[in-house]
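Pasted below: protein_32.txt, compact mmCIF, C-alpha atoms.
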# COMPACT_ATOMS: atom_id res chain seq x y z
CA MET A 29 -16.04 11.32 -25.51
CA GLN A 30 -16.88 10.26 -21.97
CA ARG A 31 -14.03 8.57 -20.16
CA TRP A 32 -16.15 5.42 -19.85
CA ASN A 33 -19.58 4.22 -20.91
CA ARG A 34 -19.39 0.84 -19.20
CA ARG A 35 -17.65 -0.17 -16.04
CA PRO A 36 -16.37 -3.53 -14.77
CA ASP A 37 -18.94 -5.70 -13.03
CA GLY A 38 -18.88 -5.15 -9.29
CA SER A 39 -16.81 -1.99 -9.51
CA THR A 40 -17.38 1.32 -7.76
CA TRP A 41 -16.53 3.44 -10.81
CA GLY A 42 -18.64 6.58 -10.66
CA ASP A 43 -20.11 5.85 -7.24
CA TYR A 44 -18.12 8.69 -5.67
CA GLY A 45 -18.32 11.02 -8.66
CA ALA A 46 -17.30 11.00 -12.30
CA ASP A 47 -13.84 12.37 -11.53
CA ASP A 48 -13.17 10.54 -8.28
CA GLU A 49 -9.55 9.58 -7.55
CA LEU A 50 -9.97 8.26 -3.98
CA GLY A 51 -12.20 5.21 -4.29
CA ARG A 52 -13.14 3.77 -0.93
CA LEU A 53 -10.96 6.31 0.85
CA ASN A 54 -14.08 8.45 0.52
CA LEU A 55 -15.34 6.39 3.48
CA LEU A 56 -12.59 7.85 5.70
CA THR A 57 -15.01 10.53 6.84
CA GLU A 58 -14.68 12.94 9.76
CA GLU A 59 -16.92 10.65 11.80
CA LYS A 60 -14.65 7.70 10.95
CA VAL A 61 -11.64 9.66 12.20
CA LEU A 62 -13.50 10.44 15.42
CA GLN A 63 -14.31 6.74 15.84
CA ALA A 64 -10.60 6.02 15.48
CA VAL A 65 -9.60 8.72 17.96
CA ARG A 66 -11.97 7.18 20.52
CA GLU A 67 -9.85 4.00 20.34
CA VAL A 68 -6.94 5.90 21.93
CA ARG A 69 -7.01 5.08 25.64
CA VAL A 70 -3.41 4.95 26.88
CA GLY A 71 -1.52 7.09 24.34
CA LYS A 72 0.99 4.37 23.44
CA VAL A 73 2.43 4.69 19.92
CA PHE A 74 3.76 1.96 17.60
CA CYS A 75 5.86 2.50 14.49
CA LEU A 76 4.60 0.10 11.80
CA SER A 77 7.40 0.61 9.29
CA LEU A 78 10.38 -1.54 8.55
CA PRO A 79 13.68 0.27 8.20
CA LEU A 80 13.42 1.40 4.58
CA ASP A 81 16.63 -0.42 3.60
CA LEU A 82 14.88 -3.74 4.29
CA PRO A 83 14.28 -6.36 2.96
CA GLY A 84 17.80 -5.88 1.57
CA GLY A 85 19.05 -6.69 -1.91
CA ASN A 86 16.49 -7.27 -4.63
CA VAL A 87 15.60 -10.95 -4.40
CA LEU A 88 11.93 -10.19 -3.68
CA ASN A 89 11.64 -8.11 -6.83
CA PRO A 90 14.56 -7.68 -9.26
CA ARG A 91 13.18 -4.31 -10.38
CA ARG A 92 13.21 -2.79 -6.89
CA HIS A 93 16.44 -1.78 -5.21
CA PRO A 94 17.37 -0.55 -1.74
CA PRO A 95 17.81 3.18 -1.15
CA VAL A 96 21.16 4.79 -1.86
CA LEU A 97 22.14 7.85 0.18
CA SER A 98 24.66 10.39 -1.07
CA PRO A 99 25.64 13.95 -0.28
CA THR A 100 24.37 16.90 -2.27
CA ASP A 101 26.93 18.87 -4.23
CA ARG A 102 28.30 22.12 -2.83
CA ASN A 103 30.29 23.91 -5.49
CA GLY A 104 31.99 20.72 -6.57
CA HIS A 105 32.44 19.31 -3.06
CA PRO A 106 30.37 16.69 -1.19
CA ASN A 107 28.12 18.56 1.21
CA VAL A 108 28.69 16.21 4.15
CA ASN A 109 31.00 17.06 7.05
CA PHE A 110 31.50 20.34 5.22
CA ALA A 111 33.27 22.97 7.30
CA VAL A 112 31.78 26.31 6.28
CA ARG A 113 35.15 27.83 7.16
CA ARG A 114 36.21 26.68 3.69
CA GLU A 115 33.91 29.41 2.37
CA ASP A 116 33.86 31.85 5.29
CA ALA A 117 36.90 32.01 7.52
CA THR A 118 34.85 33.38 10.42
CA ALA A 119 32.29 30.51 10.53
CA VAL A 120 32.34 27.55 12.93
CA ASP A 121 29.48 25.61 11.32
CA VAL A 122 29.76 22.09 9.88
CA LEU A 123 26.96 21.04 7.52
CA ASN A 124 25.43 17.81 6.24
CA ASP A 125 22.93 17.71 3.38
CA ASP A 126 22.03 14.46 1.63
CA GLN A 127 19.84 13.00 -1.07
CA VAL A 128 18.47 9.55 -1.86
CA THR A 129 17.81 7.36 -4.86
CA LEU A 130 14.70 5.52 -3.73
CA THR A 131 12.53 2.82 -5.27
CA LEU A 132 9.17 3.96 -3.95
CA GLN A 133 7.75 0.47 -3.35
CA TYR A 134 10.87 -1.26 -2.07
CA SER A 135 9.95 -1.52 1.61
CA THR A 136 6.97 -0.48 3.76
CA GLN A 137 4.63 1.08 1.21
CA TRP A 138 1.28 2.09 -0.19
CA ASP A 139 0.14 1.04 -3.67
CA GLY A 140 -1.56 3.93 -5.44
CA LEU A 141 -4.72 3.35 -7.47
CA SER A 142 -2.56 3.98 -10.53
CA HIS A 143 -0.29 1.05 -9.61
CA VAL A 144 -2.40 -1.65 -11.32
CA GLY A 145 -4.80 -1.25 -14.23
CA ALA A 146 -6.27 -3.59 -16.80
CA LEU A 147 -7.22 -3.99 -20.44
CA PHE A 148 -10.95 -3.22 -20.51
CA ASP A 149 -13.55 -2.11 -23.06
CA THR A 150 -14.70 1.12 -21.42
CA GLN A 151 -16.67 2.36 -24.44
CA GLY A 152 -18.56 -0.82 -25.29
CA ASP A 153 -17.17 -0.73 -28.83
CA GLY A 154 -15.19 -3.96 -28.59
CA ALA A 155 -11.83 -2.18 -28.22
CA GLU A 156 -9.87 -2.92 -25.08
CA ARG A 157 -8.10 0.07 -23.62
CA LEU A 158 -5.37 0.22 -21.01
CA VAL A 159 -7.20 1.84 -18.12
CA TYR A 160 -7.15 2.27 -14.36
CA TYR A 161 -9.68 2.89 -11.57
CA ASN A 162 -12.66 4.99 -12.67
CA GLY A 163 -11.62 4.68 -16.30
CA TYR A 164 -8.52 6.86 -16.21
CA GLU A 165 -6.48 6.00 -19.27
CA ALA A 166 -2.86 5.30 -20.15
CA GLY A 167 -1.37 8.01 -22.31
CA VAL A 168 -3.98 10.50 -21.20
CA ASP A 169 -4.02 10.36 -17.42
CA ILE A 170 -1.10 8.03 -16.65
CA LEU A 171 1.94 8.98 -18.71
CA GLY A 172 5.08 7.05 -19.62
CA GLY A 173 6.08 3.68 -21.03
CA ASP A 174 7.19 2.28 -24.37
CA ASP A 175 4.06 3.36 -26.24
CA PRO A 176 4.76 6.82 -27.72
CA ALA A 177 1.12 7.76 -27.15
CA ALA A 178 1.47 6.96 -23.45
CA SER A 179 4.57 9.13 -23.21
CA SER A 180 3.30 12.12 -25.17
CA GLY A 181 3.59 15.38 -23.26
CA CYS A 182 4.95 13.50 -20.29
CA CYS A 183 8.24 14.33 -18.81
CA PRO A 184 11.92 13.80 -19.59
CA PRO A 185 12.62 10.80 -21.87
CA GLY A 186 12.11 7.58 -19.96
CA GLY A 187 10.04 9.34 -17.31
CA SER A 188 6.56 8.69 -16.00
CA TYR A 189 3.84 10.74 -14.35
CA ALA A 190 0.38 9.98 -12.99
CA ARG A 191 -1.71 13.03 -13.77
CA LYS A 192 -4.61 11.22 -12.13
CA LEU A 193 -4.69 8.63 -9.34
CA GLY A 194 -1.26 9.69 -8.09
CA ILE A 195 -0.20 8.74 -4.58
CA ASP A 196 -0.39 12.41 -3.56
CA ASN A 197 -4.19 11.99 -3.44
CA TYR A 198 -3.73 9.72 -0.41
CA ALA A 199 -1.48 12.31 1.22
CA ARG A 200 -4.01 15.10 0.75
CA LYS A 201 -6.72 12.83 2.17
CA GLY A 202 -4.56 12.24 5.24
CA MET A 203 -4.87 8.45 5.54
CA GLN A 204 -6.04 8.53 9.11
CA GLY A 205 -8.78 6.33 10.48
CA ARG A 206 -9.56 3.19 12.44
CA GLY A 207 -7.27 0.23 11.94
CA VAL A 208 -8.58 -3.26 12.72
CA MET A 209 -6.08 -6.05 13.29
CA VAL A 210 -6.51 -9.64 12.15
CA ASP A 211 -3.59 -11.66 13.52
CA LEU A 212 -3.25 -14.45 10.96
CA ALA A 213 0.17 -15.42 12.30
CA GLN A 214 -1.27 -16.01 15.76
CA ALA A 215 -4.14 -18.07 14.38
CA LEU A 216 -2.42 -20.02 11.60
CA GLY A 217 1.26 -20.04 12.52
CA MET A 218 4.18 -18.75 10.50
CA ARG A 219 4.09 -21.24 7.62
CA ARG A 220 2.79 -20.23 4.20
CA THR A 221 -1.00 -20.59 4.27
CA LEU A 222 -3.49 -19.70 1.56
CA VAL A 223 -6.32 -17.73 3.18
CA ASP A 224 -9.71 -17.81 1.48
CA HIS A 225 -12.97 -16.28 2.64
CA THR A 226 -13.83 -19.20 4.91
CA VAL A 227 -10.48 -19.16 6.69
CA LEU A 228 -10.47 -15.38 7.10
CA GLN A 229 -13.96 -15.37 8.59
CA GLU A 230 -13.07 -18.19 10.98
CA VAL A 231 -10.03 -16.28 12.24
CA MET A 232 -12.03 -13.09 12.60
CA ARG A 233 -14.71 -14.89 14.62
CA ASP A 234 -12.13 -16.58 16.84
CA GLN A 235 -10.38 -13.25 17.49
CA ASN A 236 -13.65 -11.35 17.93
CA VAL A 237 -12.80 -9.02 15.05
CA THR A 238 -15.55 -6.90 13.52
CA VAL A 239 -14.98 -4.55 10.61
CA GLU A 240 -17.29 -1.76 9.55
CA PRO A 241 -17.41 0.44 6.45
CA GLY A 242 -14.49 2.84 6.39
CA ASP A 243 -12.21 0.68 8.57
CA MET A 244 -8.69 -0.15 7.40
CA LEU A 245 -8.11 -3.90 7.63
CA VAL A 246 -4.63 -4.74 8.96
CA LEU A 247 -3.29 -8.28 8.43
CA ARG A 248 -0.35 -9.66 10.38
CA THR A 249 1.20 -12.74 8.75
CA GLY A 250 4.70 -12.76 10.25
CA PHE A 251 6.42 -12.16 6.91
CA ALA A 252 7.96 -8.81 7.87
CA GLU A 253 9.23 -10.34 11.11
CA ALA A 254 11.11 -12.94 9.06
CA ILE A 255 12.54 -10.10 6.96
CA VAL A 256 13.83 -8.39 10.12
CA ARG A 257 15.44 -11.61 11.36
CA MET A 258 17.27 -11.98 8.04
CA ALA A 259 18.94 -8.61 8.72
CA GLY A 260 19.25 -7.39 5.15
CA ASN A 261 20.16 -10.74 3.60
CA PRO A 262 16.79 -12.21 2.63
CA ASP A 263 16.56 -15.89 1.76
CA HIS A 264 14.01 -15.97 -1.04
CA ALA A 265 13.36 -19.71 -0.82
CA ALA A 266 12.76 -19.50 2.93
CA LEU A 267 10.48 -16.47 2.57
CA GLU A 268 8.38 -18.37 0.02
CA GLN A 269 7.37 -20.62 2.93
CA VAL A 270 6.56 -17.86 5.42
CA GLY A 271 3.23 -16.36 6.36
CA ALA A 272 -0.37 -16.29 5.25
CA VAL A 273 -1.38 -14.83 1.89
CA LEU A 274 -4.88 -13.97 0.74
CA ASP A 275 -6.33 -16.15 -2.01
CA GLY A 276 -7.14 -13.58 -4.66
CA ALA A 277 -8.70 -16.28 -6.82
CA ASP A 278 -11.44 -16.92 -4.23
CA ALA A 279 -14.56 -15.18 -5.51
CA ALA A 280 -16.19 -15.29 -2.07
CA LEU A 281 -13.24 -13.40 -0.56
CA LEU A 282 -13.40 -10.74 -3.27
CA ASP A 283 -17.16 -10.42 -2.78
CA TRP A 284 -16.65 -9.94 0.96
CA ILE A 285 -14.09 -7.18 0.38
CA GLY A 286 -16.62 -5.46 -1.83
CA ALA A 287 -19.53 -5.86 0.58
CA SER A 288 -17.56 -5.03 3.75
CA GLY A 289 -16.89 -1.41 2.84
CA ILE A 290 -13.33 -1.56 4.16
CA ALA A 291 -11.36 1.48 3.04
CA ALA A 292 -7.95 -0.19 2.68
CA ILE A 293 -6.06 -3.44 3.28
CA CYS A 294 -2.66 -3.22 4.99
CA ALA A 295 -0.46 -6.31 5.32
CA ASP A 296 3.02 -7.14 6.57
CA ASN A 297 3.74 -9.42 3.63
CA TYR A 298 4.81 -8.94 0.04
CA ALA A 299 1.87 -8.40 -2.36
CA VAL A 300 -0.89 -9.14 0.22
CA GLU A 301 -2.11 -11.98 -2.01
CA ALA A 302 -0.68 -15.24 -3.31
CA TYR A 303 1.50 -14.82 -6.38
CA PRO A 304 1.27 -16.48 -8.81
CA ALA A 305 -2.47 -16.62 -8.30
CA ARG A 306 -4.71 -19.64 -8.91
CA THR A 307 -6.13 -18.00 -12.03
CA ALA A 308 -6.05 -19.42 -15.54
CA GLY A 309 -7.41 -18.87 -19.03
CA PRO A 310 -8.05 -15.86 -21.25
CA GLY A 311 -8.89 -12.62 -19.49
CA ARG A 312 -7.29 -13.67 -16.22
CA SER A 313 -5.45 -11.37 -13.84
CA ILE A 314 -2.13 -12.53 -12.45
CA LEU A 315 -2.90 -10.43 -9.35
CA PRO A 316 -6.67 -10.84 -8.93
CA LEU A 317 -6.83 -9.18 -5.50
CA HIS A 318 -4.93 -6.15 -6.82
CA HIS A 319 -7.24 -6.13 -9.85
CA HIS A 320 -10.32 -6.26 -7.64
CA CYS A 321 -9.13 -3.72 -5.06
CA LEU A 322 -7.10 -1.18 -7.00
CA PHE A 323 -8.74 -1.38 -10.43
CA LYS A 324 -12.38 -2.11 -9.61
CA LEU A 325 -13.11 -0.92 -6.06
CA GLY A 326 -10.51 1.77 -5.42
CA VAL A 327 -9.35 0.02 -2.22
CA PRO A 328 -5.68 0.88 -1.51
CA LEU A 329 -3.29 -1.92 -0.63
CA ALA A 330 -0.26 -1.63 1.64
CA GLU A 331 2.62 -4.07 1.92
CA LEU A 332 5.57 -4.94 4.14
CA TRP A 333 4.31 -3.22 7.27
CA TYR A 334 5.87 -4.23 10.61
CA LEU A 335 3.10 -5.39 12.95
CA GLU A 336 4.55 -7.74 15.58
CA GLU A 337 4.78 -5.36 18.54
CA LEU A 338 1.36 -3.83 17.89
CA ALA A 339 -0.24 -7.27 17.50
CA ASP A 340 1.33 -8.50 20.75
CA TRP A 341 0.07 -5.45 22.64
CA LEU A 342 -3.45 -5.68 21.22
CA ARG A 343 -3.67 -9.37 22.06
CA ALA A 344 -2.42 -8.78 25.62
CA HIS A 345 -5.10 -6.11 26.12
CA ASP A 346 -7.92 -7.98 24.36
CA ARG A 347 -8.24 -5.32 21.66
CA THR A 348 -8.28 -5.31 17.86
CA ARG A 349 -8.88 -1.63 17.00
CA PHE A 350 -6.63 1.42 17.07
CA LEU A 351 -6.03 4.84 15.55
CA LEU A 352 -4.03 4.41 12.35
CA THR A 353 -2.19 7.33 10.75
CA ALA A 354 -0.39 6.48 7.52
CA PRO A 355 0.03 9.27 4.95
CA PRO A 356 2.41 8.58 2.05
CA LEU A 357 4.84 11.06 0.59
CA ARG A 358 3.02 13.94 -1.07
CA LEU A 359 4.88 13.27 -4.31
CA PRO A 360 2.87 14.38 -7.35
CA GLY A 361 2.86 11.92 -10.23
CA ALA A 362 4.03 8.87 -8.25
CA VAL A 363 2.13 5.57 -8.33
CA GLY A 364 3.39 4.30 -4.96
CA SER A 365 5.14 5.55 -1.87
CA PRO A 366 7.05 4.53 1.21
CA VAL A 367 5.12 5.15 4.40
CA THR A 368 5.88 5.26 8.11
CA PRO A 369 2.52 4.20 9.61
CA VAL A 370 1.82 4.98 13.24
CA ALA A 371 -0.69 3.13 15.43
CA THR A 372 -1.93 4.81 18.61
CA VAL A 373 -3.79 2.79 21.25

Would you kindly transcribe this structure into structure tokens?
Amino acid sequence: MQRWNRRPDGSTWGDYGADDELGRLNLLTEEKVLQAVREVRVGKVFCLSLPLDLPGGNVLNPRRHPPVLSPTDRNGHPNVNFAVRREDATAVDVLNDDQVTLTLQYSTQWDGLSHVGALFDTQGDGAERLVYYNGYEAGVDILGGDDPAASSGCCPPGGSYARKLGIDNYARKGMQGRGVMVDLAQALGMRRTLVDHTVLQEVMRDQNVTVEPGDMLVLRTGFAEAIVRMAGNPDHAALEQVGAVLDGADAALLDWIGASGIAAICADNYAVEAYPARTAGPGRSILPLHHHCLFKLGVPLAELWYLEELADWLRAHDRTRFLLTAPPLRLPGAVGSPVTPVATV
């Protein structure tokens, strides 16, 4: 049986090949990388990651927890500040070797295309299946979960593994290209603002921002800056009032994302879009922008990037474009990853 006989309206399923796992990252071509490199004029570099122990706690998402560092074990002893003389009386070395328990989408991150799927009738037989971009299926391609079929042949009990659409596809691609900044915080202020297609286009015109196919759209809202100011003790109620969020329920905005050819959307906020969304009724998505980008178009989303210093520099130099390098961890089977993006101008 073919993986799918019908695809969602407006999707790119099959456009880049029957077995494609990259979606619009296919537009990050060699020429696109060269375009990005030509944006480097002074050699200044910006780190676009939060410290990975921020936001702090788990008030933004009770299922995601800050990283926990610990030493590896060395013959029953913690392998930190370990004097090798304990094993070899002639040695002067002191060793440290650590490990981490890490929620992969806790802080600055990429969402993999396997992060969000949908119930969809891929065969046209009236049966909804749990599927992901390009028709990859739960229990076949994405393993794990309560359903025994989804866990069959997976991994240790309670484990999970993305055989297809794993985040390591982004890493192999390289995730390097031209970033284009839209400074929503500068245009709209730091208060929570719902950004639809009309508002986004107005800001882009005012800031003289042009995006072309294969560009990575970078949205500064000020949310990550508020996270930094809270210094590991986030105030959830206050953060609910901070920064612009895209209106995933606005059909015109979704149509523009499809028509623009952008390869990815990177934001400094949590979820990129408003949550809960202004969607209602049977067949709705609670995250319509994620549904449109990850499930239908294959457009990666990034969250909780730190953009203030880059945005200030670009504005001071009347620029909006830069070389963006942002590979995730090359971790096979993972559906998301921390990332330390670097912008070069």

_List as a PyMOL selection string the protein and nucleic acid residues near stretch 109-113 of chain A, meaning an atom at most 10 Å away when all atoms listed in the file are counted, but skip any in the same chain fewer than 3 places from it._
chain A and resi 99+102+105-106+116-125

Write to file, as a PDB file, in the coordinates of the input, the residues of the selection just made, with C-alpha atoms.
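Saved the output as result.pdb:
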ATOM      1  CA  PRO A  99      25.640  13.950  -0.280  1.00  0.00           C
ATOM      2  CA  ARG A 102      28.300  22.120  -2.830  1.00  0.00           C
ATOM      3  CA  HIS A 105      32.440  19.310  -3.060  1.00  0.00           C
ATOM      4  CA  PRO A 106      30.370  16.690  -1.190  1.00  0.00           C
ATOM      5  CA  ASP A 116      33.860  31.850   5.290  1.00  0.00           C
ATOM      6  CA  ALA A 117      36.900  32.010   7.520  1.00  0.00           C
ATOM      7  CA  THR A 118      34.850  33.380  10.420  1.00  0.00           C
ATOM      8  CA  ALA A 119      32.290  30.510  10.530  1.00  0.00           C
ATOM      9  CA  VAL A 120      32.340  27.550  12.930  1.00  0.00           C
ATOM     10  CA  ASP A 121      29.480  25.610  11.320  1.00  0.00           C
ATOM     11  CA  VAL A 122      29.760  22.090   9.880  1.00  0.00           C
ATOM     12  CA  LEU A 123      26.960  21.040   7.520  1.00  0.00           C
ATOM     13  CA  ASN A 124      25.430  17.810   6.240  1.00  0.00           C
ATOM     14  CA  ASP A 125      22.930  17.710   3.380  1.00  0.00           C
TER      15      ASP A 125
END

*Shell around stretch 65-77 of chain A at 7 Å using all atoms listed in the file, local window under 4 positions removed, as a list in words*: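 My reading of the contact set: Val61, Thr136, Trp333, Tyr334, Leu335, Leu338, Arg349, Phe350, Leu351, Thr368, Pro369, Val370, Ala371, Thr372 and Val373 of chain A.
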
*stretch 142-146 of chain A: which residues within 10 Å, counting all atoms listed in the file, same-chain residues fewer than 2 positions away excluded, as a VMD selection string?*
chain A and resid 49 138 to 140 148 to 149 156 to 161 163 to 166 169 to 170 190 to 195 311 313 315 318 to 324 326 328 to 329 361 to 364

*Any idea what the distance is between atom CA of A:Gly38 and atom CA of A:Arg233?*
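Computing it gives 26.2 Å between the two atoms.
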
*Which residues, written as a list of chain:residue names, have at least one atom at most 10 Å from A:Ala279, with all atoms listed in the file counted and residues fewer than 3 positions away on the same chain left out?*
A:Asp224, A:His225, A:Asp275, A:Gly276, A:Leu282, A:Asp283, A:Trp284, A:Ile285, A:Pro316, A:Leu317

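Between atom CA of A:Gly173 and atom CA of A:Pro90 lies a distance of 18.4 Å.
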
Taking only residues of stretch 321-347 of chain A that have an atom at most 10 Å from an atom of stretch 210-216 of chain A, what is each one's shortest atom pair and its distance in Å to one decimal, using only C-alpha atoms, in chain and number order, as a Markdown table?
| residue | atom | partner | partner_atom | distance |
| --- | --- | --- | --- | --- |
| A:Leu335 | CA | A:Asp211 | CA | 9.2 |
| A:Glu336 | CA | A:Asp211 | CA | 9.3 |
| A:Ala339 | CA | A:Asp211 | CA | 6.8 |
| A:Asp340 | CA | A:Asp211 | CA | 9.3 |
| A:Leu342 | CA | A:Asp211 | CA | 9.8 |
| A:Arg343 | CA | A:Asp211 | CA | 8.8 |

*Could you tell me, as a list in words, which residues have any atom at most 8 Å from (17.2, -8.3, 4.4), counting only C-alpha atoms?*
Asp81, Leu82, Pro83, Gly84, Gly85, Ile255, Val256, Arg257, Met258, Ala259, Gly260, Asn261 and Pro262 of chain A

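You can rank A:Gly309, A:Gly186, A:Pro360, A:Gly250 by their closest distance to A:Thr221 using only C-alpha atoms, and at the top of that list sits A:Gly250.
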
*Using all atoms listed in the file, which of A:Thr226, A:Gln151, A:Thr353, A:Gln63 sits nearest A:Glu240?*
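The closest residue to A:Glu240 is A:Gln63.
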
*To one decimal place, how far is atom CA of A:Glu59 from atom CA of A:Arg206 in Å?*
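Taking atom CA of A:Glu59 as the start and atom CA of A:Arg206 as the end point, the length is 10.5 Å.
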
_Which residue of A:Leu357, A:Leu62, A:Ala252, A:Ile293 approaches A:Gln204 most closely, using only C-alpha atoms_ =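 With only C-alpha atoms as the atom set, the closest residue is A:Leu62.
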
How would stretch 40-54 of chain A of the given structure read as a file with C-alpha atoms, as a PDB file, in the first residue's frame?
ATOM      1  CA  THR A  40       3.635  20.095  -0.201  1.00  0.00           C
ATOM      2  CA  TRP A  41       3.468  16.325   0.313  1.00  0.00           C
ATOM      3  CA  GLY A  42       5.272  14.675  -2.577  1.00  0.00           C
ATOM      4  CA  ASP A  43       6.510  17.921  -4.097  1.00  0.00           C
ATOM      5  CA  TYR A  44      10.100  17.124  -3.122  1.00  0.00           C
ATOM      6  CA  GLY A  45       9.847  13.380  -3.672  1.00  0.00           C
ATOM      7  CA  ALA A  46       7.803  10.490  -2.345  1.00  0.00           C
ATOM      8  CA  ASP A  47      10.213   9.842   0.517  1.00  0.00           C
ATOM      9  CA  ASP A  48      11.123  13.434   1.352  1.00  0.00           C
ATOM     10  CA  GLU A  49      11.863  14.217   5.013  1.00  0.00           C
ATOM     11  CA  LEU A  50      13.050  17.830   4.647  1.00  0.00           C
ATOM     12  CA  GLY A  51      10.047  19.759   3.369  1.00  0.00           C
ATOM     13  CA  ARG A  52      10.874  23.341   2.549  1.00  0.00           C
ATOM     14  CA  LEU A  53      14.427  22.881   3.777  1.00  0.00           C
ATOM     15  CA  ASN A  54      14.938  21.608   0.242  1.00  0.00           C
TER      16      ASN A  54
END
